[in-house]
Structure formats: C-alpha cells, structure tokens
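Colleague: I am attaching a structure below and will ask some questions about it afterwards.
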Amino acid sequence: MTPTTAGKVLEALKAVIDPARGADVVSLGMVSGLSIQGGVVSFSLEVVPQEARDKEGLRAASAAAVSRLPGVTKVNAVLTASAAAPAPRGPAPAAGGHQVAKTDIPGIRSILAVASGKGGVGKSTTAVNLALGLAAEGWQVGLLDADVYGPSIPRMLGLEGQRADAEERTLLPKEVFGLRAMSMGFLVPPDTAMVWRGPMVTSALQQMLRTVRWGTLDVLVIDFPPGTGDAHLTLAQTVPITGAVIVSTPQDIALIDARRGVQMFNKVSIPVLGIIENMSYFLCPHCSERSEIFGHGGARAEAERTGAPFLGEVPLDVRIRETSDAGTPIVHAEPNGPQAQVYRELARKVAAGLEASLAKGSGPIITVE
C-alpha cells in the first residue's frame, strides 16, 4: 500500500470548507504542525480564541477527511487557539500590537498557575500537594499537568501507565484523592518521547483544557512547564488565570529564574499570589539538627525585592520525596503530619489570594507588542 504523504493529506483537507469564511482550511492557512508517523497523521487547525468552541465541527470534518485516506490508521486533529489566525470579523488590532481575548472554561471558577523559572525545584510536587491542600479546605479541585515533554503528575498520583477515557468527543479526567486530573501522560505511553514543535504543544494544551469534562470546579491548578516559553505565553494569553504561584529553591541561580517568572506574569497582567521557597532547610530525622543545604531566605528576599507576597518555606524532607515517588503525596498519605501541615498552610494562603483576585474581577484584554 502506498504510504500517506503530506501532499495527500493537504489535498484531502482542501475539501473541508470553513463556512464562516467560505474557503477551505488549507487555502486559509489554518493547517499547521502536520506530521506523519506510519499510519498516524497529526495536525492542528489554527483559529482565533473567540471561535474555539464553534470550530469543533470543522476539526471533526478535517479528521474525517484525512481518516478516509488509504493507509491512515489514526488521526490526531486538534484546534490551536491562535491570536494570529485569520478571522472573518472583529475590531482592528491596537496600535503597536494585537489584542488577545481570554475565553472562560465553563464550570471552572478560578485557575491557579504553579510555575518556576527552571526545572528541578520541586514545582510539580508543590503543585500536587497544594491541590490536595485546597481540596482538604473543601474546594473542588482539578489538576492539569501542562508539562507536555516531561509529565510527572501521573506518577505522583499513582496513575502511571493509565490511559484517559473519552466519551462523546470529550476526555474524562482521572479522579483520585479527591482531585480531577489530566496529563499528557494519560494520552501517550510513558516511554514516548514528545518531539513536538511549539504549535503542537500549545494545541495539546488547549485541547486538554477545553475538551476535558472538568465539571464544576472551584479551582483548576495548572502545573506549568519549567521556564518562560511558548506554552506559558499561550496559556497566559488565552486562559483567564486568576493568580500564579512561583516555586523556587533558596540558591541564587534558582532565584534569578524565579525573578523571570514573576516578570512574565506581571507583563501579562496575571496577579502573582506569592513565592514559595522549596527545599528551604533540612531537619535531620535522627538528631533534629537543621541544615540549610541550598542556603536559606533567598526566596523571601526575592519576594520583597519584586513586591510579591512570600507564602512560606517547605523543608527538604525524605517523606515528601518518598510519598511522591510512591504515588501517594504527603498531604494524602500523612494528612496530620508536619510536612502536610506546611502545604495545608500554603493552600490556605493561596485560597485567600485567589478569593481576593476573584473579588477584583477579571483582568483586561492583553495587548501583546
């Protein structure tokens, strides 16, 4: 059988007409990120954020057209909410930039971003235990693992190797420890290397946000990828994030990157609810002697320098590591232990910050230079 080629895929997509524009998706320049691996064809359709909900039929028609090609065994077609996509109507861009509208996610009251300027600072561990802490405070909580390249949430929740279920073209989140969770780790095998360019990553994130049946949530906690890259900007521009938390360790090199994280959220008008100093100190379990392995107090000083609140210190503790590796995070495994109480206190401060941010109302439309 003759293998499917990019030319054949594009030819099939030329038969798919966008009724809002009266032209096919290829001519309109909507097709991006096309890749073919064996019989699996993947691509995205770029649309403006305001139209994302209305283009599901166009996405389905595009997937169906490609699936009819000989040799195609599976089609991964996703929508990318791109501000630069062609639009049939709308106001002219602001001088010096273009406007990006944020689209609410039905049923979700608030969204919390947990971010770090660099990897290896314990951000995902913090995100999971903060989510569990918020749930312990009576909040309905969802958890989205936005680290497409290195998803770690499935392992931390004891769900490694499990696959997401789908129903009526929507993904069903995994429910565990009182959380509703979604991760790229539920969509691909654990040992799969995600060799994707930026548009495919942002497409996947938008799909995990908007095609997951989250239900009614008080807060969706998003575990951001490390750094301040393309995925961060896409989420910040298209999702109404209520507030952000920055996780850092005390040493100078981590604090420099944490500073960049604060600056990124400030630039896109997302309130920084505070900075957490992770691995702040080590208490010997035998003699109780305190050792400040990575230094101490740097995150507090950075919070004062940037004007962000300082939320607190999390110790470097073997039980936090052991319970995370075992898939039973410390707030769930030992809810009355001292380590869990640290996260519970952080969760209470974050909850207060989210409520304050909600009381101020949604932020303005962002203008990107």
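Identifiers for the structure tokens are assigned positionally: chains receive A, B, ... in sequence, residues are indexed from 1 per chain, and ligands are indexed from 1 in the order shown.
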Need the shell around region 201-209 of chain A: protein/DNA/RNA residues with any atom at most 6 Å away, counting only C-alpha atoms. Skip same-chain ones fewer than 6 positions apart. Format as a count of residues only?
Modeller: 3
Colleague: For CA of Gln263 (chain A) and CA of Glu302 (chain A), quote the distance in Å rounded to one decimal.
Modeller: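 Between these atoms lies a distance of 12.0 Å.
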Colleague: List the spatial neighbours of region 103-117 of chain A as JSON, numbers by chain - criterion: any atom at most 6 Å away, only C-alpha atoms, same-chain residues fewer than 6 positions off excluded.
Modeller: {"A": [215, 216, 217, 218, 219, 220, 221, 222, 223, 224, 226, 227, 239, 241, 242, 243, 244, 245, 246, 247, 257, 258, 261]}
Colleague: Applying 8 Å and only C-alpha atoms, which residues near Phe265 (chain A) remain after dropping the ones on its own chain fewer than 6 positions away? List them as a ChimeraX atom specification.
Modeller: /A:236,244,271-272
Colleague: Go ahead and write the residues just picked, N, CA and C atoms, as a compact mmCIF listing (two decimals), in the first residue's frame.
Modeller:
```txt
# COMPACT_ATOMS: atom_id res chain seq x y z
N ALA A 236 -1.15 32.00 29.20
CA ALA A 236 -1.39 33.30 29.81
C ALA A 236 -2.28 34.18 28.96
N ALA A 244 -1.04 33.35 40.09
CA ALA A 244 0.10 32.47 39.89
C ALA A 244 0.92 32.37 41.16
N PRO A 271 -2.03 38.25 38.38
CA PRO A 271 -1.54 38.51 39.73
C PRO A 271 -0.62 37.39 40.22
N VAL A 272 0.52 37.76 40.77
CA VAL A 272 1.40 36.79 41.41
C VAL A 272 0.98 36.71 42.88
```
Colleague: What's the 7 Å shell around Gly312 (chain A), counting only C-alpha atoms, without same-chain residues fewer than 6 positions away, as a ChimeraX atom specification?
Modeller: /A:276-277,346
Colleague: Please provide the set of residues having any atom within 12 Å of Glu175 (chain A), restricted to only C-alpha atoms, with same-chain residues fewer than 5 positions apart removed, written as a VMD selection string.
Modeller: chain A and resid 140 to 143 154 157 to 159 162 164 to 165 180 to 182 213 to 215
Colleague: Generate a file of the selected residues that holds N, CA and C atoms, formatted as a PDB file, in the first residue's frame.
Modeller:
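Printed below is part.pdb as written:
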```pdb
ATOM      1  N   GLN A 140     -13.454  22.188  45.409  1.00  0.00           N
ATOM      2  CA  GLN A 140     -13.488  21.227  44.319  1.00  0.00           C
ATOM      3  C   GLN A 140     -12.314  21.558  43.395  1.00  0.00           C
ATOM      4  N   VAL A 141     -11.384  20.602  43.234  1.00  0.00           N
ATOM      5  CA  VAL A 141     -10.097  20.925  42.616  1.00  0.00           C
ATOM      6  C   VAL A 141      -9.817  20.030  41.417  1.00  0.00           C
ATOM      7  N   GLY A 142      -9.365  20.659  40.342  1.00  0.00           N
ATOM      8  CA  GLY A 142      -8.829  19.940  39.190  1.00  0.00           C
ATOM      9  C   GLY A 142      -7.340  20.206  39.094  1.00  0.00           C
ATOM     10  N   LEU A 143      -6.601  19.298  38.467  1.00  0.00           N
ATOM     11  CA  LEU A 143      -5.146  19.433  38.328  1.00  0.00           C
ATOM     12  C   LEU A 143      -4.763  19.105  36.891  1.00  0.00           C
ATOM     13  N   PRO A 154       1.135  11.929  36.605  1.00  0.00           N
ATOM     14  CA  PRO A 154       0.609  10.562  36.717  1.00  0.00           C
ATOM     15  C   PRO A 154       1.341   9.713  37.749  1.00  0.00           C
ATOM     16  N   LEU A 157       0.537  10.755  41.362  1.00  0.00           N
ATOM     17  CA  LEU A 157      -0.818  10.404  41.796  1.00  0.00           C
ATOM     18  C   LEU A 157      -1.064   8.897  41.751  1.00  0.00           C
ATOM     19  N   GLY A 158      -0.014   8.111  41.495  1.00  0.00           N
ATOM     20  CA  GLY A 158      -0.172   6.664  41.444  1.00  0.00           C
ATOM     21  C   GLY A 158      -0.926   6.177  40.232  1.00  0.00           C
ATOM     22  N   LEU A 159      -0.870   6.945  39.124  1.00  0.00           N
ATOM     23  CA  LEU A 159      -1.645   6.614  37.925  1.00  0.00           C
ATOM     24  C   LEU A 159      -0.759   6.369  36.708  1.00  0.00           C
ATOM     25  N   GLN A 162      -1.669   4.536  33.133  1.00  0.00           N
ATOM     26  CA  GLN A 162      -3.104   4.527  32.841  1.00  0.00           C
ATOM     27  C   GLN A 162      -3.405   5.475  31.690  1.00  0.00           C
ATOM     28  N   ALA A 164      -6.287   7.853  29.486  1.00  0.00           N
ATOM     29  CA  ALA A 164      -7.508   8.629  29.655  1.00  0.00           C
ATOM     30  C   ALA A 164      -8.644   8.006  28.855  1.00  0.00           C
ATOM     31  N   ASP A 165      -9.839   8.027  29.410  1.00  0.00           N
ATOM     32  CA  ASP A 165     -11.028   7.577  28.703  1.00  0.00           C
ATOM     33  C   ASP A 165     -11.687   8.767  28.001  1.00  0.00           C
ATOM     34  N   ARG A 180      -9.539  15.906  40.262  1.00  0.00           N
ATOM     35  CA  ARG A 180      -9.763  15.509  38.868  1.00  0.00           C
ATOM     36  C   ARG A 180      -8.526  15.931  38.092  1.00  0.00           C
ATOM     37  N   ALA A 181      -7.840  14.957  37.506  1.00  0.00           N
ATOM     38  CA  ALA A 181      -6.528  15.226  36.922  1.00  0.00           C
ATOM     39  C   ALA A 181      -6.478  14.859  35.450  1.00  0.00           C
ATOM     40  N   MET A 182      -5.690  15.640  34.695  1.00  0.00           N
ATOM     41  CA  MET A 182      -5.428  15.349  33.293  1.00  0.00           C
ATOM     42  C   MET A 182      -3.967  15.652  33.003  1.00  0.00           C
ATOM     43  N   ARG A 213     -13.774  16.944  30.388  1.00  0.00           N
ATOM     44  CA  ARG A 213     -15.026  17.147  31.125  1.00  0.00           C
ATOM     45  C   ARG A 213     -14.688  17.417  32.603  1.00  0.00           C
ATOM     46  N   TRP A 214     -14.270  18.656  32.869  1.00  0.00           N
ATOM     47  CA  TRP A 214     -13.840  19.018  34.213  1.00  0.00           C
ATOM     48  C   TRP A 214     -14.996  19.071  35.197  1.00  0.00           C
ATOM     49  N   GLY A 215     -16.199  19.357  34.706  1.00  0.00           N
ATOM     50  CA  GLY A 215     -17.322  19.530  35.616  1.00  0.00           C
ATOM     51  C   GLY A 215     -17.224  20.868  36.321  1.00  0.00           C
TER      52      GLY A 215
END
```
Colleague: When you count only C-alpha atoms, which of these residues is closest to Leu273 (chain A): A:Cys287, A:Ala351, A:Leu130, A:Ala61?
Modeller: A:Ala351
Colleague: Can you pull out every residue within 12 Å of Arg290 (chain A), counting only C-alpha atoms, but drop anything in the same chain fewer than 3 positions away, and send it as a ChimeraX atom specification?
Modeller: /A:280-287,293,295-296,315-317
Colleague: Which is closer to Thr126 (chain A) than all the others in A:Leu10, A:Thr306, A:Gly150, A:Met156, using only C-alpha atoms?
Modeller: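 Looking at the shortest contact to Thr126 (chain A), the residue is A:Met156.
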Colleague: By how many Å are CA of Ser42 (chain A) and CA of Arg59 (chain A) apart?
Modeller: 11.9 Å
Colleague: Find, counting only C-alpha atoms, the residue in A:Val41, A:Ser124, A:Ala135, A:Val9 that gets nearest to Arg348 (chain A).
Modeller: A:Ala135
Colleague: Smallest atom-to-atom distance to Tyr149 (chain A): which of A:Ser67, A:Thr5, A:Ser183, A:Asn278, using only C-alpha atoms?
Modeller: A:Ser183
Colleague: For Val78 (chain A), which of A:Arg210, A:Lys349, A:Lys14, A:Arg300 is the closest residue, counting only C-alpha atoms?
Modeller: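 Nearest candidate to Val78 (chain A) out of A:Arg210, A:Lys349, A:Lys14, A:Arg300: A:Arg210.
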Colleague: Considering only strand (DSSP E or B) as DSSP defines it on the backbone, what residues of region 130-292 of chain A qualify? List them as a ChimeraX atom specification.
Modeller: /A:141-145,165-167,170-172,174-176,179-183,212,217,219-223,243-248,272-277,282-283,290-291
Colleague: Where in region 15-234 of chain A does DSSP assign alpha helix (DSSP H), given as a ChimeraX atom specification?
Modeller: /A:56-67,123-136,153-156,198-210,230-234
Colleague: Atoms to include: C-alpha atoms. Write the selected residues as a PDB file, in the first residue's frame.
Modeller:
```pdb
ATOM      1  CA  GLU A  56     -15.266  21.564  16.786  1.00  0.00           C
ATOM      2  CA  GLY A  57     -17.345  20.576  13.756  1.00  0.00           C
ATOM      3  CA  LEU A  58     -14.616  21.845  11.427  1.00  0.00           C
ATOM      4  CA  ARG A  59     -11.999  19.878  13.380  1.00  0.00           C
ATOM      5  CA  ALA A  60     -14.110  16.720  13.199  1.00  0.00           C
ATOM      6  CA  ALA A  61     -14.699  17.165   9.456  1.00  0.00           C
ATOM      7  CA  SER A  62     -10.972  17.622   8.879  1.00  0.00           C
ATOM      8  CA  ALA A  63     -10.155  14.491  10.865  1.00  0.00           C
ATOM      9  CA  ALA A  64     -12.787  12.514   8.961  1.00  0.00           C
ATOM     10  CA  ALA A  65     -11.457  13.668   5.575  1.00  0.00           C
ATOM     11  CA  VAL A  66      -7.927  12.537   6.420  1.00  0.00           C
ATOM     12  CA  SER A  67      -9.056   9.270   8.003  1.00  0.00           C
ATOM     13  CA  LYS A 123       7.372  22.574  41.320  1.00  0.00           C
ATOM     14  CA  SER A 124       5.255  19.538  40.445  1.00  0.00           C
ATOM     15  CA  THR A 125       5.478  18.158  43.977  1.00  0.00           C
ATOM     16  CA  THR A 126       4.351  21.558  45.223  1.00  0.00           C
ATOM     17  CA  ALA A 127       1.508  21.742  42.696  1.00  0.00           C
ATOM     18  CA  VAL A 128       0.163  18.304  43.664  1.00  0.00           C
ATOM     19  CA  ASN A 129       0.294  18.963  47.396  1.00  0.00           C
ATOM     20  CA  LEU A 130      -1.163  22.455  47.013  1.00  0.00           C
ATOM     21  CA  ALA A 131      -4.039  20.936  45.036  1.00  0.00           C
ATOM     22  CA  LEU A 132      -4.590  18.371  47.785  1.00  0.00           C
ATOM     23  CA  GLY A 133      -4.358  21.100  50.404  1.00  0.00           C
ATOM     24  CA  LEU A 134      -7.034  23.138  48.628  1.00  0.00           C
ATOM     25  CA  ALA A 135      -9.210  20.023  48.407  1.00  0.00           C
ATOM     26  CA  ALA A 136      -8.717  19.495  52.143  1.00  0.00           C
ATOM     27  CA  ILE A 153       1.765  14.112  37.661  1.00  0.00           C
ATOM     28  CA  PRO A 154       0.609  10.562  36.717  1.00  0.00           C
ATOM     29  CA  ARG A 155       3.411   9.016  38.758  1.00  0.00           C
ATOM     30  CA  MET A 156       2.869  11.350  41.707  1.00  0.00           C
ATOM     31  CA  GLY A 198       5.650  24.854  19.727  1.00  0.00           C
ATOM     32  CA  PRO A 199       2.339  24.888  17.789  1.00  0.00           C
ATOM     33  CA  MET A 200       1.688  21.207  18.537  1.00  0.00           C
ATOM     34  CA  VAL A 201       2.416  21.734  22.229  1.00  0.00           C
ATOM     35  CA  THR A 202       0.069  24.690  22.501  1.00  0.00           C
ATOM     36  CA  SER A 203      -2.589  22.767  20.578  1.00  0.00           C
ATOM     37  CA  ALA A 204      -2.331  19.865  23.001  1.00  0.00           C
ATOM     38  CA  LEU A 205      -2.607  22.196  25.995  1.00  0.00           C
ATOM     39  CA  GLN A 206      -5.693  23.897  24.601  1.00  0.00           C
ATOM     40  CA  GLN A 207      -7.314  20.523  23.970  1.00  0.00           C
ATOM     41  CA  MET A 208      -6.554  19.300  27.493  1.00  0.00           C
ATOM     42  CA  LEU A 209      -8.044  22.480  28.881  1.00  0.00           C
ATOM     43  CA  ARG A 210     -11.154  22.731  26.749  1.00  0.00           C
ATOM     44  CA  ASP A 230       5.829  29.411  24.270  1.00  0.00           C
ATOM     45  CA  ALA A 231       3.432  27.265  26.276  1.00  0.00           C
ATOM     46  CA  HIS A 232       3.444  29.758  29.149  1.00  0.00           C
ATOM     47  CA  LEU A 233       2.620  32.694  26.894  1.00  0.00           C
ATOM     48  CA  THR A 234      -0.153  30.792  25.107  1.00  0.00           C
TER      49      THR A 234
END
```
